[in-house]
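So this one's run23.cif, mmCIF, C-alpha atoms:
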data_query
loop_
_atom_site.label_atom_id
_atom_site.label_comp_id
_atom_site.auth_asym_id
_atom_site.auth_seq_id
_atom_site.Cartn_x
_atom_site.Cartn_y
_atom_site.Cartn_z
CA MET A 1 0.00 0.00 0.00
CA THR A 2 1.13 3.55 -0.64
CA GLU A 3 1.28 5.98 2.27
CA ARG A 4 -1.79 7.76 0.87
CA GLU A 5 -3.69 4.46 0.71
CA LYS A 6 -2.68 3.73 4.32
CA MET A 7 -3.79 7.20 5.38
CA LEU A 8 -7.20 6.85 3.75
CA ALA A 9 -7.63 3.32 5.16
CA GLY A 10 -7.06 4.46 8.76
CA GLU A 11 -3.70 2.69 8.97
CA PRO A 12 -0.55 4.26 10.44
CA TYR A 13 1.21 6.24 7.72
CA ASP A 14 4.27 8.40 7.12
CA PRO A 15 3.17 12.05 6.71
CA PHE A 16 6.58 12.90 5.23
CA ASP A 17 6.02 10.67 2.20
CA PRO A 18 6.87 12.74 -0.94
CA ASP A 19 3.39 12.25 -2.45
CA LEU A 20 1.71 13.46 0.74
CA LEU A 21 4.10 16.39 1.10
CA ALA A 22 3.34 17.41 -2.49
CA GLY A 23 -0.41 17.16 -1.85
CA ARG A 24 -0.21 19.38 1.22
CA ARG A 25 2.03 21.86 -0.60
CA ARG A 26 -0.46 22.09 -3.48
CA ALA A 27 -3.31 22.67 -1.04
CA GLN A 28 -1.37 25.32 0.90
CA GLU A 29 -0.59 27.24 -2.28
CA THR A 30 -4.23 27.15 -3.35
CA VAL A 31 -5.52 28.08 0.11
CA ILE A 32 -3.15 31.05 0.36
CA ALA A 33 -4.36 32.29 -3.04
CA PHE A 34 -8.02 31.62 -2.11
CA ASN A 35 -7.74 33.55 1.15
CA ALA A 36 -6.17 36.54 -0.64
CA GLU A 37 -8.56 36.59 -3.63
CA PRO A 38 -11.23 39.34 -3.37
CA ASP A 39 -13.32 38.07 -6.32
CA GLU A 40 -15.90 35.50 -5.21
CA ASP A 41 -16.21 33.88 -8.64
CA ARG A 42 -12.45 33.29 -8.77
CA ARG A 43 -12.53 31.88 -5.24
CA LEU A 44 -15.28 29.45 -6.24
CA GLY A 45 -13.19 28.30 -9.20
CA MET A 46 -10.24 27.69 -6.88
CA LEU A 47 -12.40 25.60 -4.56
CA ARG A 48 -13.72 23.50 -7.44
CA GLY A 49 -10.12 22.75 -8.41
CA LEU A 50 -8.99 22.02 -4.85
CA LEU A 51 -11.79 20.07 -3.17
CA GLY A 52 -12.79 16.47 -3.81
CA SER A 53 -16.28 17.75 -4.56
CA PHE A 54 -17.97 21.11 -4.17
CA GLY A 55 -21.74 21.21 -4.49
CA GLU A 56 -23.66 23.82 -6.43
CA ARG A 57 -24.64 26.87 -4.36
CA SER A 58 -22.02 25.97 -1.73
CA LEU A 59 -19.86 28.65 -0.22
CA ILE A 60 -16.74 28.86 1.94
CA VAL A 61 -15.96 32.26 3.45
CA PRO A 62 -12.23 33.00 3.77
CA PRO A 63 -10.01 32.54 5.56
CA PHE A 64 -10.22 28.77 5.15
CA PHE A 65 -7.60 26.11 5.84
CA CYS A 66 -7.22 22.45 4.86
CA ASP A 67 -4.52 19.79 4.61
CA TYR A 68 -5.20 18.33 1.15
CA GLY A 69 -8.58 19.55 -0.05
CA THR A 70 -8.99 16.49 -2.26
CA HIS A 71 -10.51 14.53 0.63
CA LEU A 72 -13.06 17.24 1.49
CA HIS A 73 -16.55 16.93 0.00
CA LEU A 74 -19.25 19.59 0.35
CA GLY A 75 -22.79 18.83 -0.71
CA TYR A 76 -25.34 21.07 -2.40
CA ASP A 77 -25.83 24.49 -0.75
CA ALA A 78 -23.38 23.81 2.10
CA PHE A 79 -22.11 26.91 3.89
CA VAL A 80 -18.79 27.14 5.73
CA ASN A 81 -18.22 30.38 7.61
CA THR A 82 -14.95 32.22 8.13
CA ASN A 83 -11.85 30.85 9.85
CA SER A 84 -12.71 27.17 9.36
CA VAL A 85 -10.13 24.38 9.52
CA PHE A 86 -10.55 21.02 7.79
CA LEU A 87 -7.71 18.56 8.41
CA ASP A 88 -8.74 16.20 5.63
CA CYS A 89 -6.17 13.42 5.97
CA ALA A 90 -9.19 11.12 5.65
CA GLU A 91 -12.46 11.82 3.87
CA ILE A 92 -14.55 14.64 5.34
CA THR A 93 -18.09 14.80 3.99
CA VAL A 94 -20.40 17.75 4.64
CA GLY A 95 -23.99 17.08 3.58
CA ASP A 96 -26.44 19.15 1.56
CA HIS A 97 -27.63 22.39 3.19
CA ALA A 98 -25.25 21.96 6.16
CA ARG A 99 -24.19 25.11 8.00
CA ILE A 100 -20.73 25.34 9.55
CA GLY A 101 -20.18 28.30 11.90
CA PRO A 102 -17.12 30.54 12.13
CA GLY A 103 -13.98 29.07 13.66
CA VAL A 104 -15.14 25.45 13.40
CA GLN A 105 -12.46 22.76 13.21
CA VAL A 106 -13.22 19.45 11.52
CA LEU A 107 -10.33 17.10 12.19
CA ALA A 108 -9.83 13.75 10.48
CA ALA A 109 -6.15 13.81 11.52
CA ASP A 110 -5.16 11.77 14.56
CA HIS A 111 -2.04 10.47 16.27
CA PRO A 112 -1.17 7.09 17.77
CA ARG A 113 -1.73 6.65 21.48
CA GLU A 114 1.63 4.87 21.85
CA PRO A 115 4.44 7.39 22.48
CA GLU A 116 6.95 5.24 20.59
CA LEU A 117 4.90 5.55 17.39
CA ARG A 118 4.45 9.30 17.88
CA GLU A 119 8.23 9.63 18.22
CA GLN A 120 8.52 7.93 14.81
CA ASP A 121 6.25 10.62 13.30
CA VAL A 122 3.59 8.07 12.41
CA GLU A 123 0.11 9.52 11.99
CA LEU A 124 -3.45 8.22 11.66
CA ALA A 125 -6.63 9.56 10.09
CA PHE A 126 -10.31 8.64 10.34
CA PRO A 127 -13.25 9.89 8.21
CA VAL A 128 -15.68 12.52 9.46
CA ARG A 129 -19.25 12.75 8.21
CA ILE A 130 -21.55 15.71 8.80
CA GLY A 131 -25.08 14.98 7.66
CA ALA A 132 -27.47 17.00 5.56
CA ARG A 133 -29.02 20.09 7.14
CA CYS A 134 -26.72 19.99 10.18
CA TRP A 135 -25.72 23.15 11.95
CA ILE A 136 -22.32 23.21 13.63
CA GLY A 137 -22.07 26.23 15.93
CA ALA A 138 -19.17 28.68 16.09
CA GLY A 139 -15.91 27.40 17.48
CA ALA A 140 -16.97 23.75 17.67
CA ILE A 141 -14.39 21.01 17.21
CA VAL A 142 -15.35 17.79 15.45
CA CYS A 143 -12.85 15.01 16.21
CA PRO A 144 -11.57 12.17 13.98
CA GLY A 145 -13.94 9.32 13.12
CA VAL A 146 -17.13 11.15 14.14
CA THR A 147 -20.46 11.01 12.30
CA ILE A 148 -23.06 13.70 12.94
CA GLY A 149 -26.55 12.65 11.86
CA GLU A 150 -28.84 14.60 9.55
CA HIS A 151 -30.58 17.69 10.95
CA ALA A 152 -28.44 17.64 14.11
CA ILE A 153 -27.26 20.82 15.81
CA VAL A 154 -23.91 21.08 17.60
CA GLY A 155 -23.72 23.97 20.05
CA ALA A 156 -21.06 26.65 19.78
CA GLY A 157 -17.77 25.75 21.44
CA SER A 158 -18.61 22.07 21.74
CA VAL A 159 -16.08 19.28 21.29
CA VAL A 160 -17.60 16.33 19.43
CA THR A 161 -15.68 13.18 20.37
CA ARG A 162 -18.40 10.61 19.60
CA ASP A 163 -21.14 10.13 17.00
CA ILE A 164 -24.18 12.40 17.29
CA PRO A 165 -27.53 10.93 16.18
CA ALA A 166 -29.88 12.59 13.69
CA ARG A 167 -32.33 15.27 14.80
CA VAL A 168 -30.79 16.11 18.15
CA MET A 169 -29.06 19.08 19.70
CA ALA A 170 -25.71 18.28 21.30
CA ALA A 171 -23.47 20.61 23.25
CA GLY A 172 -20.65 20.67 25.77
CA ILE A 173 -17.18 19.28 26.28
CA PRO A 174 -17.45 16.51 25.36
CA ALA A 175 -20.64 17.10 23.38
CA ARG A 176 -23.69 15.28 24.72
CA VAL A 177 -27.25 15.14 23.44
CA ILE A 178 -29.26 17.72 25.34
CA ARG A 179 -32.58 17.39 23.48
CA GLU A 180 -34.32 15.89 20.50
CA LEU A 181 -35.42 18.11 17.64
#

Now, as a test, write the supplied structure out as C-alpha cells.
Amino acid sequence: MTEREKMLAGEPYDPFDPDLLAGRRRAQETVIAFNAEPDEDRRLGMLRGLLGSFGERSLIVPPFFCDYGTHLHLGYDAFVNTNSVFLDCAEITVGDHARIGPGVQVLAADHPREPELREQDVELAFPVRIGARCWIGAGAIVCPGVTIGEHAIVGAGSVVTRDIPARVMAAGIPARVIREL
C-alpha cells in the first residue's frame, strides 16, 4: 500500500512521504491564493479545483484552511463560515444544506496513542461525516472518526468526540445530546 492508501484506510502512515508532502504543498498554495482573492467567482473556481467535490450553491468564506482539499466533499448548498479548519487526511463529507459556523475545526487527523509511534512521526486519520441540514455552531471542534446525523445541531464551542444521532441538539465538552429536535 502507498502511504496515501494507508492514510485513507485508517492505517498508520508516514506524513513525510513525498506524495503526501506534495499534496499538502499544493493545497497550501491554493488556500493562500483563495484567502487573498477578493473576487468571489475566482474563489469558487479555486475551490472547485482544490476540493474532492464542491456542491452547487455551496460557499466557503475566507479565511479557510485544509490539509489536502482532495478529501473534502461539500454537498449542495453547504455553507462554511470564516476561519474554518478542515484537516482532511481522511475523507470529510459535509452534507447538503449543512451550516458550519465561524472558527469550526473538523479534524480527520489523529495520532497514535503509543508514544513510541508518535516519536517515529507516524500519523493516523479517520473519516468525518456531517449529515445533511446539520448546523455546527461557532468554534466547535469535530474530532476524527465522528459522524453527525442529519438535521443535528452542535452547540457553539462544543467538542464532538463521539457520533451524534440525527435530529438532536448536542453541546458541551465533550458534546452530549441535550434534546431531541

I need the residue nearest Arg133 in chain A from this list: A:Val154, A:Ala109, A:Ala170, A:Ala78. Use only C-alpha atoms for the distance.
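Residue with the minimum atom-to-atom distance to Arg133 in chain A: A:Ala78.
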
Residues within 9 Å of Ala166 in chain A, please, as a list in words. Count only C-alpha atoms; anything in the same chain fewer than 6 positions from it doesn't count.
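Non-adjacent residues within range: Gly131, Cys134, Ile148, Gly149, Glu150, His151, Ala152, Ile153, Glu180 and Leu181 of chain A.
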
Could those selected residues go to a file with C-alpha atoms, as a PDB file, in the frame of the given file?
ATOM      1  CA  GLY A 131     -25.080  14.980   7.660  1.00  0.00           C
ATOM      2  CA  CYS A 134     -26.720  19.990  10.180  1.00  0.00           C
ATOM      3  CA  ILE A 148     -23.060  13.700  12.940  1.00  0.00           C
ATOM      4  CA  GLY A 149     -26.550  12.650  11.860  1.00  0.00           C
ATOM      5  CA  GLU A 150     -28.840  14.600   9.550  1.00  0.00           C
ATOM      6  CA  HIS A 151     -30.580  17.690  10.950  1.00  0.00           C
ATOM      7  CA  ALA A 152     -28.440  17.640  14.110  1.00  0.00           C
ATOM      8  CA  ILE A 153     -27.260  20.820  15.810  1.00  0.00           C
ATOM      9  CA  GLU A 180     -34.320  15.890  20.500  1.00  0.00           C
ATOM     10  CA  LEU A 181     -35.420  18.110  17.640  1.00  0.00           C
TER      11      LEU A 181
END

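What the PyMOL selection byres ((chain A and resi 28) around 12) picks from this file is Leu21, Ala22, Gly23, Arg24, Arg25, Arg26, Ala27, Glu29, Thr30, Val31, Ile32, Ala33, Phe34, Asn35, Leu50, Phe64, Phe65, Cys66, Asp67, Tyr68, Gly69 and Leu87 of chain A.
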
A:Pro62, A:Lys6, A:Asp14, A:Thr93 ranked by distance to Leu117 in chain A, top pick (using all atoms listed in the file):
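Selected residue with least distance to Leu117 in chain A: A:Asp14.
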
Between CA of Phe86 in chain A and CA of Asp41 in chain A, what is the distance in Å, rounded to a tenth?
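Calculated distance between CA of Phe86 in chain A and CA of Asp41 in chain A is 21.6 Å.
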
Find the residues with any atom within 6 Å of (-16.0, 25.7, 9.9); use only C-alpha atoms and the coordinates as given in the file, and write the answer as a list of chain:residue names.
A:Val80, A:Asn81, A:Ser84, A:Ile100, A:Gly101, A:Pro102, A:Gly103, A:Val104, A:Gln105

Distance of CA of Glu56 in chain A from CA of Trp135 in chain A, expressed in Å to one decimal place
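Calculated distance between CA of Trp135 in chain A and CA of Glu56 in chain A is 18.5 Å.
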
Let me make sure I understand: among A:Glu91, A:Glu11, A:Asp96, A:Glu40, which one has the smallest atom-to-atom distance to Phe79 in chain A if we use only C-alpha atoms?
A:Asp96

Could you tell me which residues the PyMOL selection byres ((chain A and resi 146) around 8) returns for this structure, as a VMD selection string?
chain A and resid 127 to 129 142 to 145 147 to 148 160 to 164

For this structure, which residues satisfy the selection - the PyMOL selection byres ((chain A and resi 2) around 10) - when it is evaluated on the file as given? I want them as number ranges by chain.
A: 1, 3-8, 13-14, 17, 19

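For the pair CA of Pro15 in chain A and CA of Glu114 in chain A, the interatomic distance is 16.8 Å.
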
Could you please give me, as a compact mmCIF listing (two decimals) with C-alpha atoms, in the frame of the given file, the residues of protein, DNA or RNA lying at most 7 Å from (-21.0, 17.1, 5.6) in the coordinate frame of the file, considering only C-alpha atoms?
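This went into out10.txt:
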# COMPACT_ATOMS: atom_id res chain seq x y z
CA LEU A 74 -19.25 19.59 0.35
CA GLY A 75 -22.79 18.83 -0.71
CA ILE A 92 -14.55 14.64 5.34
CA THR A 93 -18.09 14.80 3.99
CA VAL A 94 -20.40 17.75 4.64
CA GLY A 95 -23.99 17.08 3.58
CA ALA A 98 -25.25 21.96 6.16
CA ARG A 129 -19.25 12.75 8.21
CA ILE A 130 -21.55 15.71 8.80
CA GLY A 131 -25.08 14.98 7.66
CA ALA A 132 -27.47 17.00 5.56

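Minimum distance to Ser58 in chain A across A:Gly137, A:Arg99, A:Ala90, A:Thr70 (counting only C-alpha atoms) occurs at A:Arg99.
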
Using only C-alpha atoms for the distances, tell me which of A:Leu72, A:Ala125, A:Ala36, A:Ala138 is nearest to Cys89 in chain A.
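Going through A:Leu72, A:Ala125, A:Ala36, A:Ala138 one by one, the smallest distance to Cys89 in chain A is for A:Ala125.
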